Amino acid sequence: PVSAPLREGDQVITGATGIAVLFLRDDTRIAMDPDSRLRIHEYRHDDAKVRAGRIRLELLRGSAQVTTGELAKTRPERFVFEAGGQQIRVHGTVFGANTQGQFSVRQGRVAVEQGGKSLGELNAGEMLDLATGAAPVKTQGSLPFQAPDPTRVGINRDQFFGPDPGLQSQSGPAAAGTYVHVRGGAVILAQGGGDVVLMQGETAMAPAGGGVPMK
């Protein structure tokens, strides 16, 4: 992988058989199912000032599981995940969502909002279904996903984020960024009018300056 700062507005797109797992430097992880699209609206991170960070992600299509990292644990109000027109406010959690208006929580707690109005809170083991268009329906259970549980996907943080010299610039440690690793199928990572196709086992990162992502 190539280390470079994250560009807000990046999109990750999985194909019909593709599965992608994204890792952010604060240890937030997003596992995307096939035929899904995720936009990174905002990502600000500083290792020395984690509590000052901000993350806003939007699931535009498909399904995804999210394991929140250090920011959501220390400043949950600064982490926002959107899907199907709803916003999810988290409290140090592992949750899943799709763009059909369905949400589930495996660990922790989330609040689902729309237009600033609360649609309900979910605790571990609960689901919320807004897909019917009627009143929100809360039940016990969990949404099905094809992507792996992001908490069980191992990564070498030194390789991805430093201090591996191969991932450092001459000016110091590798900067913060978003990496995409493909577990199966194919994934398209798009940025700045360009894209790169990743096959199973490949990793890429969006480069600084808004250019085409590099493997």
# chains A, B, ... in the order shown; residues from 1 in each chain; ligands from 1
>>> residues_around(residues="Val105 (chain A)", least_positions_apart="5", cutoff="12 Å", atoms="only C-alpha atoms", output="JSON, numbers by chain")
{"A": [65, 66, 67, 68, 88, 89, 90, 91, 92, 93, 94, 95, 96, 97, 110, 111, 112, 121, 122, 123, 124, 125, 126, 127, 128, 138, 139, 140, 141, 142, 143, 144]}
>>> closest_residue(among="A:Pro76, A:Pro150, A:Gly115, A:Pro136", to="Leu24 (chain A)", atoms="only C-alpha atoms")
A:Pro150
>>> atom_distance(atom1="CA of Ile55 (chain A)", atom2="CA of Glu42 (chain A)")
5.2 Å
>>> atom_distance(atom1="CA of Met32 (chain A)", atom2="CA of Glu77 (chain A)")
23.3 Å
>>> closest_residue(among="A:Thr203, A:Glu70, A:Val182, A:Arg56", to="Thr14 (chain A)", atoms="only C-alpha atoms")
A:Val182
>>> select_by_dssp(residues="region 68-167 of chain A", states="helix (DSSP H, G or I)", output="list of chain:residue names")
A:Glu70, A:Leu71, A:Ala72, A:Lys73, A:Thr74, A:Pro76, A:Glu77, A:Arg78, A:Pro150, A:Thr151, A:Arg152, A:Arg157, A:Asp158, A:Gln159, A:Phe160, A:Phe161, A:Pro165, A:Gly166, A:Leu167
